[in-house]
4 protein chains.
Amino acid sequence: MTHDAQTQAIYQRARFGQAVPRGQNPAVLVVDFSCGFTDPACALGSDLTPEVEATRRLLDVARGRGFLAVFTTIGFEPGLTDGALWVRKAPALAELQLGGRWVEIDPRLGRREDEPVVLKKGASAFFGTNLASILIAQRIDTVILCGATTSGCVRATAIDLLQYGFPTLVPRECVGDRAAGPHEANLFDIHQKYADVVSLAEAIAYLESVPARAATAAG
Amino acid sequence: MTHDAQTQAIYQRARFGQAVPRGQNPAVLVVDFSCGFTDPACALGSDLTPEVEATRRLLDVARGRGFLAVFTTIGFEPGLTDGALWVRKAPALAELQLGGRWVEIDPRLGRREDEPVVLKKGASAFFGTNLASILIAQRIDTVILCGATTSGCVRATAIDLLQYGFPTLVPRECVGDRAAGPHEANLFDIHQKYADVVSLAEAIAYLESVPARAATAAG
Amino acid sequence: MTHDAQTQAIYQRARFGQAVPRGQNPAVLVVDFSCGFTDPACALGSDLTPEVEATRRLLDVARGRGFLAVFTTIGFEPGLTDGALWVRKAPALAELQLGGRWVEIDPRLGRREDEPVVLKKGASAFFGTNLASILIAQRIDTVILCGATTSGCVRATAIDLLQYGFPTLVPRECVGDRAAGPHEANLFDIHQKYADVVSLAEAIAYLESVPARAATAAG
Amino acid sequence: MTHDAQTQAIYQRARFGQAVPRGQNPAVLVVDFSCGFTDPACALGSDLTPEVEATRRLLDVARGRGFLAVFTTIGFEPGLTDGALWVRKAPALAELQLGGRWVEIDPRLGRREDEPVVLKKGASAFFGTNLASILIAQRIDTVILCGATTSGCVRATAIDLLQYGFPTLVPRECVGDRAAGPHEANLFDIHQKYADVVSLAEAIAYLESVPARAATAAG
C-alpha cells in the first residue's frame with residue numbers, strides 16, 4: 001500500500017483501519033471473475049491467473065466446510081438500455097453481452113450448480129441485485145471478498161459490505177486489477193475504511209477456525 | 001373500490017388520494033405479465049386475457065409515440081438460494097425457473113428486442129433490480145403501471161414508485177389478480193396512497209397529450 | 001381476515017401463507033407509533049391505545065431478555081423538499097415537522113435511550129434509511145413487527161422485511177389502522193405473502209423460548 | 001492524477017473515461033462539508049478552506065439561477081447502534097454526535113433553510129438516505145458533486161451517482177481530503193469510471209449555460 005509516511009500519520013490520528021469483528025457463518029463472495037475480466041482477449045480483461053488460482057484455493061477450503069460461495073458477473077441486453085449510464089462512461093462494457101463468453105464465470109473456479117451467480121449491471125455487487133437478501137436469508141455474518149477489479153467493482157462492493165454491516169476480509173492474493181497503481185491505492189483505502197486486507201493464509205486459517213456448516217443450513 | 005362510507009370519510013379527513021403531477025417523458029412499466037402469471041396452467045397463474053389485451057393497447061400507443069416500455073419477470077436458479085426468504089413463504093414460486101416458459105413475457109404483449117426485461121427476485125420491480133437506474137438514465141418523469149398481481153407485485157411496485165419519486169398512473173383495466181377481493185382492496189390502497197388509479201382511456205389520452213419522443217432520446 | 005371462500009381456495013392452490021423460519025436473535029420493530037399516528041388530534045392519527053399497550057407488553061418482554069428494539073418515525077424539514085413525491089400524494093404528511101410533537105415516539109412505549117429511532121421519509125421502514133444495516137450488524141435473524149398503519153407503513157415494511165430476507169411475525173394486537181376495512185384486508189395480504197400474522201401471546205411465547213441475549217452482543 | 005504512463009495506456013485501451021451527457025436541470029450536491037470534516041480540531045477534520053470557498057462560489061452561481069442544492073452530514077445517536085459496522089471500522093466517527101457542532105453544515109457555505117440536509121450514516125450520500133427520491137422528484141438530470149473526503153464519501157457517492165444514472169461533474173477545486181495521496185488516486189478513479197472531473201470554471205460555465213430554473217419547479 002503505497003502512500004507516504006505523512007499520509008500514514010494522518011490516518012493513524014483519525015484512527016482508521018480498525019479490525020472488523022469476525023463471525024461464525026462466513027461466505028465467499030467472488031466479484032466479476034468472469035471471462036471478460038480474466039481473459040486478456042477482452043478489452044476489459046487482463047491476465048489474472050494467480051488471483052484466480054488463489055481464489056480457487058480459498059473456495060475449495062470453504063466448500064469443504066460447507067460455506068456459501070456467491071459469484072457475480074456483469075451482462076447486458078443487446079439494446080444496452082439496462083446499462084443505464086455506466087455503458088456511456090465506459091463503453092467497452094457493451095462487450096459483456098448476456099449469453100456470451102465474457103459473462104461466464106471463469107471455469108478455473110469450478111463453480112458448482114448450487115452456488116448462486118448474481119447478475120449485476122453496476123459496479124457494486126449489491127447495486128441492483130438481491131445479494132443482500134441472499135446473505136441475510138443465509139444468516140451470513142462475515143464475507144471473504146475476492147475478485148476484480150480492485151479499483152472498480154471490488155472497491156465498490158467493499159464499501160457496500162461495510163455500509164450494509166457485513167464484516168469483510170479481503171485476501172490480498174485473491175483480488176486483481178489491470179494496472180498496479182490503482183490496485184495498490186485502492187487496497188490502501190479498502191483496508192483503512194471498509195474491510196480488513198489480509199493474506200490468503202490468514203483467510204484460510206479463519207475459515208478453518210470456524211465450525212463447519214451443516215448441509216441443511218439456515219435459509 | 002370496496003370500503004364503506006366510514007372508511008371513505010376517514011380517508012377524506014386525512015386528505016389522502018391527491019393527484020400526482022404528470023410529466024412529459026412517460027414510460028410504461030409492465031410487471032410480471034410473464035406466462036407463469038397469465039397462464040392458468042401455472043399454480044401462480046390465472047386467466048388475465050382482458051388485462052393483457054388492455055395493456056397491449058396501451059403499449060401500442062406508447063410505442064407509436066416513442067416512449068419507453070419496460071417489462072419485469074420473476075425467475076430463479078435451480079438451487080433457489082437466489083430466492084432467499086420469498087420461496088419459503090410462497091413455495092410455488094419455485095416453478096418460475098430461469099430458462100423455462102413461466103419466466104417468458106406473455107407473447108401477446110409483443111415485446112420488442114429493445115424493450116428491457118428486468119429480472120426480479122422480489123415483489124417490487126425495484127427490489128434487487130436496477131430499474132431505478134434505467135428510469136433515471138432515460139429521464140423518465142411519469143410511469144404507467146400495468147401487470148400482475150394487483151395485491152402482490154403491482155402494489156409493492158406502486159409503493160416503491162411513490163417512494164422513489166416517480167408519479168404513477170395505474171390504468172384499472174391493465175392490472176389483474178387471481179382473486180377479486182384482494183384486487184379491489186389493493187386498488188383502493190394504491191389510489192389513496194401511492195398512485196392515481198385511472199381508466200385505460202385516461203391513460204391513453206395522457207400518452208397522446210405528451211409530445212412524441214425522438215428515437216435518439218436521453219440516456 | 002375478510003376475503004371469501006373462493007379467494008381462500010385460490011390462495012390455497014397457490015400455496016401461499018407458509019410459515020417463515022424462526023431464529024435465535026429477534027428484534028422488535030415498531031413502525032410509526034409516533035404521536036402523529038397515535039393521537040387523534042393529528043389529521044393522520046387515530047386512537048390506537050390498545051395497540052400501543054399491547055406493543056408495550058411485547059417490548060417489556062423483549063427488553064427483559066436483552067433483545068433489540070428499533071423505532072421508526074416520519075419527519076420532514078420545513079421546506080418539504082425531503083418529502084419528495086409523498087407529500088404531494090398525501091399532503092397531511094406535512095404536519096409531521098421535525099422537532100414537533102407529532103414526530104416523537106409515543107411516550108407510553110417507554111423508549112430507552114439506547115433503542116434507535118430510525119427517521120424515515122417513505123412508507124417502508126427500510127426505504128431511505130439504514131435499518132437493514134442496523135439489523136445486519138446486530139445479526140438479527142427474526143423480526144417482530146408492530147406499529148401503524150397496517151394498510152400503509154406496516155404493509156410496506158412487511159414487504160421489505162420479506163424481500164431482504166428477515167423472517168417476520170406480526171402480532172395482530174400490535175398493529176393498528178385508522179379504518180377497519182383496510183386493516184383487515186392488509187392483514188390478509190401480509191399473512192399470505194410476507195409474514196406470519198400471529199397472536200400477541202404467540203409472539204411473547206416465541207420471545208420467551210429464545211435464549212436471552214447478552215448485553216455485549218454482536219455489533 | 002498520479003498514475004504512470006503504463007496505467008494510462010491500459011485505461012485508454014479499455015476506453016474508460018468517456019464524458020457523461022449533461023442535462024438541463026442540474027443540482028449541486030455537497031457531501032459532508034460539516035464542521036467535523038472542515039475543522040481540524042475534529043479528529044476527522046482538516047483545513048479545507050480553499051475547497052469550502054470554491055464550493056461557496058459554485059453554490060452562489062447555482063442559487064442565482066434557481067438550481068437545487070443538497071447537503072449531507074453524518075450524525076449518530078449516543079448509543080451508536082445506528083452506526084452499525086462503520087463505527088467499528090472507524091471509531092472516530094463516534095465524535096459526530098447528533099445535536100453537536102461536528103454535524104452542522106460549515107456556516108461558510110451559507111446553507112439556506114429551503115436547501116435540504118440529508119442525514120447519512122454511511123459513506124455514500126445515497127446509502128440509507130432518500131437522496132435518490134429528492135433528485136428524482138425534482139427531475140434532476142445532472143449533479144455537480146463537491147465535498148469531503150475525496151477518498152471516502154465523495155468517491156462512494158460518485159459510484160452511486162453513476163450507478164443510479166445521474167451524470168455527474170466533479171469540480172476539482174471543490175473536493176478535499178485530509179491527505180494528498182488518496183485524494184489524487186481517487187480523483188483518477190472517479191474520472192476514469194464514474195464522473196467527469198472538471199475545473200471549477202468549467203462547472204460554473206456549465207451552470208451558466210443552462211436555462212435558469214423557475215421558482216415553481218417540478219416536484
# chains A, B, ... in the order shown; residues from 1 in each chain; ligands from 1
>>> closest_atom_pairs(of="stretch 139-217 of chain D", to="stretch 176-183 of chain A", cutoff="10 Å", atoms="only C-alpha atoms", output="Markdown table")
| residue | atom | partner | partner_atom | distance |
| --- | --- | --- | --- | --- |
| D:Ala185 | CA | A:Pro182 | CA | 7.1 |
| D:Asn186 | CA | A:Pro182 | CA | 8.6 |
| D:Phe188 | CA | A:Pro182 | CA | 8.5 |
| D:Asp189 | CA | A:Pro182 | CA | 7.5 |
>>> residues_around(residues="stretch 198-203 of chain B", least_positions_apart="3", cutoff="7 Å", atoms="only C-alpha atoms", output="VMD selection string")
chain B and resid 169 to 173 206 to 207
>>> interface_residues(of="chain B", to="chain A", cutoff="10 Å", atoms="only C-alpha atoms", output="PDB file with N, CA and C atoms, in the first residue's frame")
ATOM      1  N   LEU B  68     -40.673   4.729 -23.750  1.00  0.00           N
ATOM      2  CA  LEU B  68     -40.024   3.525 -23.240  1.00  0.00           C
ATOM      3  C   LEU B  68     -41.053   2.557 -22.648  1.00  0.00           C
ATOM      4  N   VAL B  70     -40.892  -1.037 -20.286  1.00  0.00           N
ATOM      5  CA  VAL B  70     -40.029  -1.922 -19.511  1.00  0.00           C
ATOM      6  C   VAL B  70     -40.900  -3.049 -18.973  1.00  0.00           C
ATOM      7  N   PHE B  76     -35.849 -17.927 -11.039  1.00  0.00           N
ATOM      8  CA  PHE B  76     -34.884 -18.397 -10.044  1.00  0.00           C
ATOM      9  C   PHE B  76     -33.974 -19.474 -10.618  1.00  0.00           C
ATOM     10  N   GLU B  77     -32.782 -19.585 -10.025  1.00  0.00           N
ATOM     11  CA  GLU B  77     -31.857 -20.671 -10.344  1.00  0.00           C
ATOM     12  C   GLU B  77     -32.383 -21.978  -9.745  1.00  0.00           C
ATOM     13  N   PRO B  78     -31.920 -23.121 -10.263  1.00  0.00           N
ATOM     14  CA  PRO B  78     -32.416 -24.410  -9.750  1.00  0.00           C
ATOM     15  C   PRO B  78     -32.249 -24.548  -8.229  1.00  0.00           C
ATOM     16  N   GLY B  79     -31.142 -24.056  -7.686  1.00  0.00           N
ATOM     17  CA  GLY B  79     -30.885 -24.225  -6.256  1.00  0.00           C
ATOM     18  C   GLY B  79     -31.733 -23.352  -5.352  1.00  0.00           C
ATOM     19  N   LEU B  80     -32.349 -22.325  -5.904  1.00  0.00           N
ATOM     20  CA  LEU B  80     -33.270 -21.428  -5.189  1.00  0.00           C
ATOM     21  C   LEU B  80     -32.615 -20.573  -4.111  1.00  0.00           C
ATOM     22  N   THR B  81     -31.298 -20.650  -3.965  1.00  0.00           N
ATOM     23  CA  THR B  81     -30.650 -19.772  -2.983  1.00  0.00           C
ATOM     24  C   THR B  81     -30.931 -18.315  -3.307  1.00  0.00           C
ATOM     25  N   ASP B  82     -31.019 -18.005  -4.599  1.00  0.00           N
ATOM     26  CA  ASP B  82     -31.324 -16.629  -5.005  1.00  0.00           C
ATOM     27  C   ASP B  82     -32.746 -16.226  -4.640  1.00  0.00           C
ATOM     28  N   GLY B  83     -33.567 -17.169  -4.274  1.00  0.00           N
ATOM     29  CA  GLY B  83     -34.928 -16.858  -3.870  1.00  0.00           C
ATOM     30  C   GLY B  83     -35.035 -16.400  -2.432  1.00  0.00           C
ATOM     31  N   ALA B  84     -33.911 -16.498  -1.705  1.00  0.00           N
ATOM     32  CA  ALA B  84     -33.835 -16.005  -0.327  1.00  0.00           C
ATOM     33  C   ALA B  84     -35.038 -16.501   0.485  1.00  0.00           C
ATOM     34  N   LEU B  85     -35.737 -15.592   1.141  1.00  0.00           N
ATOM     35  CA  LEU B  85     -36.837 -15.991   2.012  1.00  0.00           C
ATOM     36  C   LEU B  85     -38.162 -16.157   1.261  1.00  0.00           C
ATOM     37  N   TRP B  86     -38.290 -15.528   0.129  1.00  0.00           N
ATOM     38  CA  TRP B  86     -39.590 -15.488  -0.549  1.00  0.00           C
ATOM     39  C   TRP B  86     -40.067 -16.885  -0.920  1.00  0.00           C
ATOM     40  N   VAL B  87     -39.148 -17.715  -1.410  1.00  0.00           N
ATOM     41  CA  VAL B  87     -39.541 -19.068  -1.824  1.00  0.00           C
ATOM     42  C   VAL B  87     -39.906 -19.944  -0.621  1.00  0.00           C
ATOM     43  N   ARG B  88     -39.594 -19.474   0.577  1.00  0.00           N
ATOM     44  CA  ARG B  88     -40.059 -20.195   1.771  1.00  0.00           C
ATOM     45  C   ARG B  88     -41.503 -19.837   2.096  1.00  0.00           C
ATOM     46  N   GLU B 113     -37.339  -6.255 -29.030  1.00  0.00           N
ATOM     47  CA  GLU B 113     -35.959  -6.563 -28.590  1.00  0.00           C
ATOM     48  C   GLU B 113     -35.333  -5.428 -27.781  1.00  0.00           C
ATOM     49  N   ASP B 114     -35.684  -4.190 -28.121  1.00  0.00           N
ATOM     50  CA  ASP B 114     -35.052  -3.058 -27.441  1.00  0.00           C
ATOM     51  C   ASP B 114     -35.802  -2.631 -26.184  1.00  0.00           C
ATOM     52  N   GLU B 115     -36.807  -3.382 -25.787  1.00  0.00           N
ATOM     53  CA  GLU B 115     -37.540  -3.075 -24.554  1.00  0.00           C
ATOM     54  C   GLU B 115     -36.983  -3.950 -23.440  1.00  0.00           C
ATOM     55  N   PRO B 116     -36.370  -3.350 -22.441  1.00  0.00           N
ATOM     56  CA  PRO B 116     -35.677  -4.164 -21.433  1.00  0.00           C
ATOM     57  C   PRO B 116     -36.616  -5.047 -20.616  1.00  0.00           C
ATOM     58  N   VAL B 117     -36.104  -6.218 -20.269  1.00  0.00           N
ATOM     59  CA  VAL B 117     -36.781  -7.115 -19.332  1.00  0.00           C
ATOM     60  C   VAL B 117     -35.952  -7.148 -18.050  1.00  0.00           C
ATOM     61  N   VAL B 118     -36.548  -6.686 -16.984  1.00  0.00           N
ATOM     62  CA  VAL B 118     -35.876  -6.640 -15.691  1.00  0.00           C
ATOM     63  C   VAL B 118     -36.174  -7.935 -14.948  1.00  0.00           C
ATOM     64  N   LEU B 119     -35.132  -8.669 -14.615  1.00  0.00           N
ATOM     65  CA  LEU B 119     -35.305  -9.915 -13.859  1.00  0.00           C
ATOM     66  C   LEU B 119     -35.320  -9.596 -12.375  1.00  0.00           C
ATOM     67  N   LYS B 120     -36.408  -9.968 -11.707  1.00  0.00           N
ATOM     68  CA  LYS B 120     -36.510  -9.650 -10.294  1.00  0.00           C
ATOM     69  C   LYS B 120     -36.699 -10.914  -9.483  1.00  0.00           C
ATOM     70  N   LYS B 121     -36.343 -10.832  -8.224  1.00  0.00           N
ATOM     71  CA  LYS B 121     -36.437 -11.953  -7.303  1.00  0.00           C
ATOM     72  C   LYS B 121     -37.151 -11.525  -6.021  1.00  0.00           C
ATOM     73  N   GLY B 122     -37.907 -10.441  -6.148  1.00  0.00           N
ATOM     74  CA  GLY B 122     -38.702  -9.928  -5.040  1.00  0.00           C
ATOM     75  C   GLY B 122     -40.029  -9.439  -5.575  1.00  0.00           C
ATOM     76  N   PHE B 126     -38.550  -2.806  -8.184  1.00  0.00           N
ATOM     77  CA  PHE B 126     -37.317  -2.091  -7.847  1.00  0.00           C
ATOM     78  C   PHE B 126     -36.394  -2.904  -6.944  1.00  0.00           C
ATOM     79  N   PHE B 127     -36.945  -3.838  -6.184  1.00  0.00           N
ATOM     80  CA  PHE B 127     -36.118  -4.509  -5.186  1.00  0.00           C
ATOM     81  C   PHE B 127     -35.157  -5.487  -5.848  1.00  0.00           C
ATOM     82  N   GLY B 128     -33.872  -5.283  -5.632  1.00  0.00           N
ATOM     83  CA  GLY B 128     -32.877  -6.177  -6.197  1.00  0.00           C
ATOM     84  C   GLY B 128     -32.752  -6.069  -7.710  1.00  0.00           C
ATOM     85  N   THR B 129     -33.146  -4.930  -8.265  1.00  0.00           N
ATOM     86  CA  THR B 129     -33.013  -4.688  -9.702  1.00  0.00           C
ATOM     87  C   THR B 129     -32.427  -3.292  -9.916  1.00  0.00           C
ATOM     88  N   ASN B 130     -32.031  -3.010 -11.160  1.00  0.00           N
ATOM     89  CA  ASN B 130     -31.572  -1.644 -11.452  1.00  0.00           C
ATOM     90  C   ASN B 130     -32.623  -0.843 -12.216  1.00  0.00           C
ATOM     91  N   LEU B 131     -33.893  -1.127 -11.945  1.00  0.00           N
ATOM     92  CA  LEU B 131     -34.964  -0.400 -12.620  1.00  0.00           C
ATOM     93  C   LEU B 131     -34.849   1.105 -12.391  1.00  0.00           C
ATOM     94  N   ALA B 132     -34.525   1.517 -11.172  1.00  0.00           N
ATOM     95  CA  ALA B 132     -34.401   2.958 -10.917  1.00  0.00           C
ATOM     96  C   ALA B 132     -33.357   3.564 -11.845  1.00  0.00           C
ATOM     97  N   SER B 133     -32.238   2.870 -12.034  1.00  0.00           N
ATOM     98  CA  SER B 133     -31.176   3.395 -12.906  1.00  0.00           C
ATOM     99  C   SER B 133     -31.649   3.532 -14.347  1.00  0.00           C
ATOM    100  N   ILE B 134     -32.413   2.557 -14.804  1.00  0.00           N
ATOM    101  CA  ILE B 134     -32.929   2.622 -16.175  1.00  0.00           C
ATOM    102  C   ILE B 134     -33.829   3.841 -16.334  1.00  0.00           C
ATOM    103  N   LEU B 135     -34.735   4.041 -15.384  1.00  0.00           N
ATOM    104  CA  LEU B 135     -35.679   5.154 -15.484  1.00  0.00           C
ATOM    105  C   LEU B 135     -34.967   6.496 -15.358  1.00  0.00           C
ATOM    106  N   ILE B 136     -34.004   6.578 -14.436  1.00  0.00           N
ATOM    107  CA  ILE B 136     -33.290   7.851 -14.240  1.00  0.00           C
ATOM    108  C   ILE B 136     -32.451   8.181 -15.474  1.00  0.00           C
ATOM    109  N   ALA B 137     -31.706   7.187 -15.974  1.00  0.00           N
ATOM    110  CA  ALA B 137     -30.836   7.452 -17.119  1.00  0.00           C
ATOM    111  C   ALA B 137     -31.646   7.869 -18.344  1.00  0.00           C
ATOM    112  N   GLN B 138     -32.890   7.411 -18.434  1.00  0.00           N
ATOM    113  CA  GLN B 138     -33.773   7.791 -19.544  1.00  0.00           C
ATOM    114  C   GLN B 138     -34.578   9.048 -19.226  1.00  0.00           C
ATOM    115  N   GLY B 219     -30.262   9.461 -22.450  1.00  0.00           N
ATOM    116  CA  GLY B 219     -29.734   8.224 -21.918  1.00  0.00           C
ATOM    117  C   GLY B 219     -28.622   7.660 -22.758  1.00  0.00           C
TER     118      GLY B 219
END
>>> select_by_dssp(residues="stretch 64-183 of chain C", states="strand (DSSP E)", output="list in words")
Leu68, Ala69, Val70, Phe71, Thr72, Thr73, Ile74, Val117, Val118, Leu119, Lys120, Thr142, Val143, Ile144, Leu145, Cys146, Gly147, Ala148, Thr168, Leu169, Val170, Pro171, Val175 and Gly176 of chain C
>>> atom_distance(atom1="atom CA of D:Ala156", atom2="atom CA of B:Asp160")
23.6 Å
>>> residues_around(residues="A:Gly45", least_positions_apart="4", cutoff="9 Å", atoms="only C-alpha atoms", output="short mmCIF file (atom, residue, chain, number, x, y, z; two decimals) with N, CA and C atoms, in the first residue's frame")
data_model
loop_
_atom_site.label_atom_id
_atom_site.label_comp_id
_atom_site.auth_asym_id
_atom_site.auth_seq_id
_atom_site.Cartn_x
_atom_site.Cartn_y
_atom_site.Cartn_z
N CYS A 35 -15.09 -14.35 -17.55
CA CYS A 35 -14.05 -14.41 -18.58
C CYS A 35 -13.74 -13.04 -19.16
N GLY A 36 -14.71 -12.15 -19.18
CA GLY A 36 -14.46 -10.80 -19.69
C GLY A 36 -13.40 -10.05 -18.91
N PHE A 37 -13.24 -10.42 -17.65
CA PHE A 37 -12.23 -9.75 -16.82
C PHE A 37 -10.96 -10.57 -16.63
N THR A 38 -11.04 -11.87 -16.82
CA THR A 38 -9.85 -12.71 -16.57
C THR A 38 -9.18 -13.17 -17.86
N ASP A 39 -9.75 -12.80 -19.01
CA ASP A 39 -9.14 -13.16 -20.29
C ASP A 39 -8.65 -11.88 -20.97
N PRO A 40 -7.35 -11.76 -21.22
CA PRO A 40 -6.83 -10.52 -21.81
C PRO A 40 -7.36 -10.25 -23.21
N ALA A 41 -8.01 -11.23 -23.82
CA ALA A 41 -8.57 -11.00 -25.16
C ALA A 41 -9.75 -10.04 -25.13
N ASP A 177 -6.27 -6.54 -10.62
CA ASP A 177 -6.60 -5.35 -11.39
C ASP A 177 -5.75 -5.33 -12.65
N ARG A 178 -6.16 -4.51 -13.58
CA ARG A 178 -5.41 -4.44 -14.84
C ARG A 178 -4.18 -3.56 -14.74
N ALA D 14 -8.89 0.23 -22.58
CA ALA D 14 -10.19 -0.19 -22.04
C ALA D 14 -11.27 0.86 -22.29
#
>>> residues_around(residues="B:Asp106", least_positions_apart="5", cutoff="12 Å", atoms="only C-alpha atoms", output="PDB file with N, CA and C atoms, in the first residue's frame")
ATOM      1  N   VAL B  30     -44.528  -2.787 -17.168  1.00  0.00           N
ATOM      2  CA  VAL B  30     -45.414  -3.956 -17.146  1.00  0.00           C
ATOM      3  C   VAL B  30     -44.816  -4.991 -16.205  1.00  0.00           C
ATOM      4  N   VAL B  31     -45.467  -5.187 -15.073  1.00  0.00           N
ATOM      5  CA  VAL B  31     -44.957  -6.036 -14.002  1.00  0.00           C
ATOM      6  C   VAL B  31     -45.491  -7.459 -14.129  1.00  0.00           C
ATOM      7  N   ASP B  32     -44.604  -8.389 -14.339  1.00  0.00           N
ATOM      8  CA  ASP B  32     -44.922  -9.816 -14.208  1.00  0.00           C
ATOM      9  C   ASP B  32     -46.078 -10.305 -15.061  1.00  0.00           C
ATOM     10  N   PHE B  33     -46.251  -9.734 -16.244  1.00  0.00           N
ATOM     11  CA  PHE B  33     -47.128 -10.381 -17.215  1.00  0.00           C
ATOM     12  C   PHE B  33     -46.295 -11.432 -17.959  1.00  0.00           C
ATOM     13  N   SER B  34     -45.681 -12.290 -17.161  1.00  0.00           N
ATOM     14  CA  SER B  34     -44.974 -13.447 -17.700  1.00  0.00           C
ATOM     15  C   SER B  34     -45.970 -14.607 -17.732  1.00  0.00           C
ATOM     16  N   CYS B  35     -45.624 -15.652 -18.507  1.00  0.00           N
ATOM     17  CA  CYS B  35     -46.582 -16.747 -18.687  1.00  0.00           C
ATOM     18  C   CYS B  35     -46.949 -17.413 -17.362  1.00  0.00           C
ATOM     19  N   GLY B  36     -46.050 -17.412 -16.412  1.00  0.00           N
ATOM     20  CA  GLY B  36     -46.351 -18.009 -15.114  1.00  0.00           C
ATOM     21  C   GLY B  36     -47.509 -17.336 -14.400  1.00  0.00           C
ATOM     22  N   PHE B  37     -47.765 -16.079 -14.725  1.00  0.00           N
ATOM     23  CA  PHE B  37     -48.870 -15.371 -14.091  1.00  0.00           C
ATOM     24  C   PHE B  37     -50.081 -15.221 -15.002  1.00  0.00           C
ATOM     25  N   THR B  38     -49.889 -15.335 -16.297  1.00  0.00           N
ATOM     26  CA  THR B  38     -51.035 -15.131 -17.208  1.00  0.00           C
ATOM     27  C   THR B  38     -51.582 -16.439 -17.773  1.00  0.00           C
ATOM     28  N   ASP B  39     -50.954 -17.554 -17.412  1.00  0.00           N
ATOM     29  CA  ASP B  39     -51.440 -18.850 -17.889  1.00  0.00           C
ATOM     30  C   ASP B  39     -51.953 -19.637 -16.686  1.00  0.00           C
ATOM     31  N   GLY B  45     -50.706 -18.768 -11.739  1.00  0.00           N
ATOM     32  CA  GLY B  45     -51.356 -18.036 -12.809  1.00  0.00           C
ATOM     33  C   GLY B  45     -52.864 -18.001 -12.723  1.00  0.00           C
ATOM     34  N   ASP B  47     -56.372 -16.578 -15.579  1.00  0.00           N
ATOM     35  CA  ASP B  47     -56.666 -16.066 -16.920  1.00  0.00           C
ATOM     36  C   ASP B  47     -56.755 -14.545 -16.858  1.00  0.00           C
ATOM     37  N   LEU B  48     -55.778 -13.894 -17.395  1.00  0.00           N
ATOM     38  CA  LEU B  48     -55.740 -12.427 -17.385  1.00  0.00           C
ATOM     39  C   LEU B  48     -55.836 -11.866 -18.800  1.00  0.00           C
ATOM     40  N   THR B  49     -56.569 -12.578 -19.652  1.00  0.00           N
ATOM     41  CA  THR B  49     -56.655 -12.164 -21.056  1.00  0.00           C
ATOM     42  C   THR B  49     -57.119 -10.720 -21.225  1.00  0.00           C
ATOM     43  N   GLU B  51     -56.851  -8.167 -19.224  1.00  0.00           N
ATOM     44  CA  GLU B  51     -55.824  -7.239 -18.734  1.00  0.00           C
ATOM     45  C   GLU B  51     -54.620  -7.221 -19.681  1.00  0.00           C
ATOM     46  N   VAL B  52     -54.248  -8.381 -20.201  1.00  0.00           N
ATOM     47  CA  VAL B  52     -53.130  -8.435 -21.149  1.00  0.00           C
ATOM     48  C   VAL B  52     -53.495  -7.676 -22.428  1.00  0.00           C
ATOM     49  N   GLU B  53     -54.729  -7.856 -22.884  1.00  0.00           N
ATOM     50  CA  GLU B  53     -55.128  -7.176 -24.120  1.00  0.00           C
ATOM     51  C   GLU B  53     -55.211  -5.658 -23.921  1.00  0.00           C
ATOM     52  N   THR B  55     -53.424  -3.967 -21.848  1.00  0.00           N
ATOM     53  CA  THR B  55     -52.041  -3.497 -21.758  1.00  0.00           C
ATOM     54  C   THR B  55     -51.409  -3.428 -23.139  1.00  0.00           C
ATOM     55  N   ARG B  56     -51.730  -4.393 -23.996  1.00  0.00           N
ATOM     56  CA  ARG B  56     -51.214  -4.343 -25.366  1.00  0.00           C
ATOM     57  C   ARG B  56     -51.687  -3.083 -26.085  1.00  0.00           C
ATOM     58  N   PHE B  71     -40.390  -4.260 -19.055  1.00  0.00           N
ATOM     59  CA  PHE B  71     -41.096  -5.430 -18.537  1.00  0.00           C
ATOM     60  C   PHE B  71     -40.321  -6.004 -17.362  1.00  0.00           C
ATOM     61  N   THR B  72     -41.045  -6.654 -16.440  1.00  0.00           N
ATOM     62  CA  THR B  72     -40.358  -7.414 -15.403  1.00  0.00           C
ATOM     63  C   THR B  72     -40.814  -8.866 -15.461  1.00  0.00           C
ATOM     64  N   THR B  73     -39.941  -9.736 -14.982  1.00  0.00           N
ATOM     65  CA  THR B  73     -40.309 -11.128 -14.810  1.00  0.00           C
ATOM     66  C   THR B  73     -39.590 -11.658 -13.572  1.00  0.00           C
ATOM     67  N   ARG B 101     -40.683 -21.697 -19.503  1.00  0.00           N
ATOM     68  CA  ARG B 101     -41.722 -20.889 -20.141  1.00  0.00           C
ATOM     69  C   ARG B 101     -42.389 -19.924 -19.170  1.00  0.00           C
ATOM     70  N   ARG B 111     -43.543  -7.890 -27.004  1.00  0.00           N
ATOM     71  CA  ARG B 111     -42.320  -7.222 -26.515  1.00  0.00           C
ATOM     72  C   ARG B 111     -41.272  -7.127 -27.628  1.00  0.00           C
ATOM     73  N   ARG B 112     -40.704  -5.946 -27.794  1.00  0.00           N
ATOM     74  CA  ARG B 112     -39.670  -5.727 -28.794  1.00  0.00           C
ATOM     75  C   ARG B 112     -38.291  -5.954 -28.175  1.00  0.00           C
ATOM     76  N   VAL B 117     -36.104  -6.218 -20.269  1.00  0.00           N
ATOM     77  CA  VAL B 117     -36.781  -7.115 -19.332  1.00  0.00           C
ATOM     78  C   VAL B 117     -35.952  -7.148 -18.050  1.00  0.00           C
ATOM     79  N   GLY B 147     -49.892  -4.712 -15.021  1.00  0.00           N
ATOM     80  CA  GLY B 147     -49.340  -6.009 -14.669  1.00  0.00           C
ATOM     81  C   GLY B 147     -50.100  -6.768 -13.612  1.00  0.00           C
ATOM     82  N   ALA B 148     -49.378  -7.740 -13.021  1.00  0.00           N
ATOM     83  CA  ALA B 148     -49.983  -8.646 -12.052  1.00  0.00           C
ATOM     84  C   ALA B 148     -48.975  -8.917 -10.934  1.00  0.00           C
TER      85      ALA B 148
END
>>> select_by_dssp(residues="stretch 89-205 of chain D", states="helix (DSSP H, G or I)", output="PyMOL selection string")
chain D and resi 89+91-95+101-103+107-109+131-137+150-164+172-174+180-193+200-205
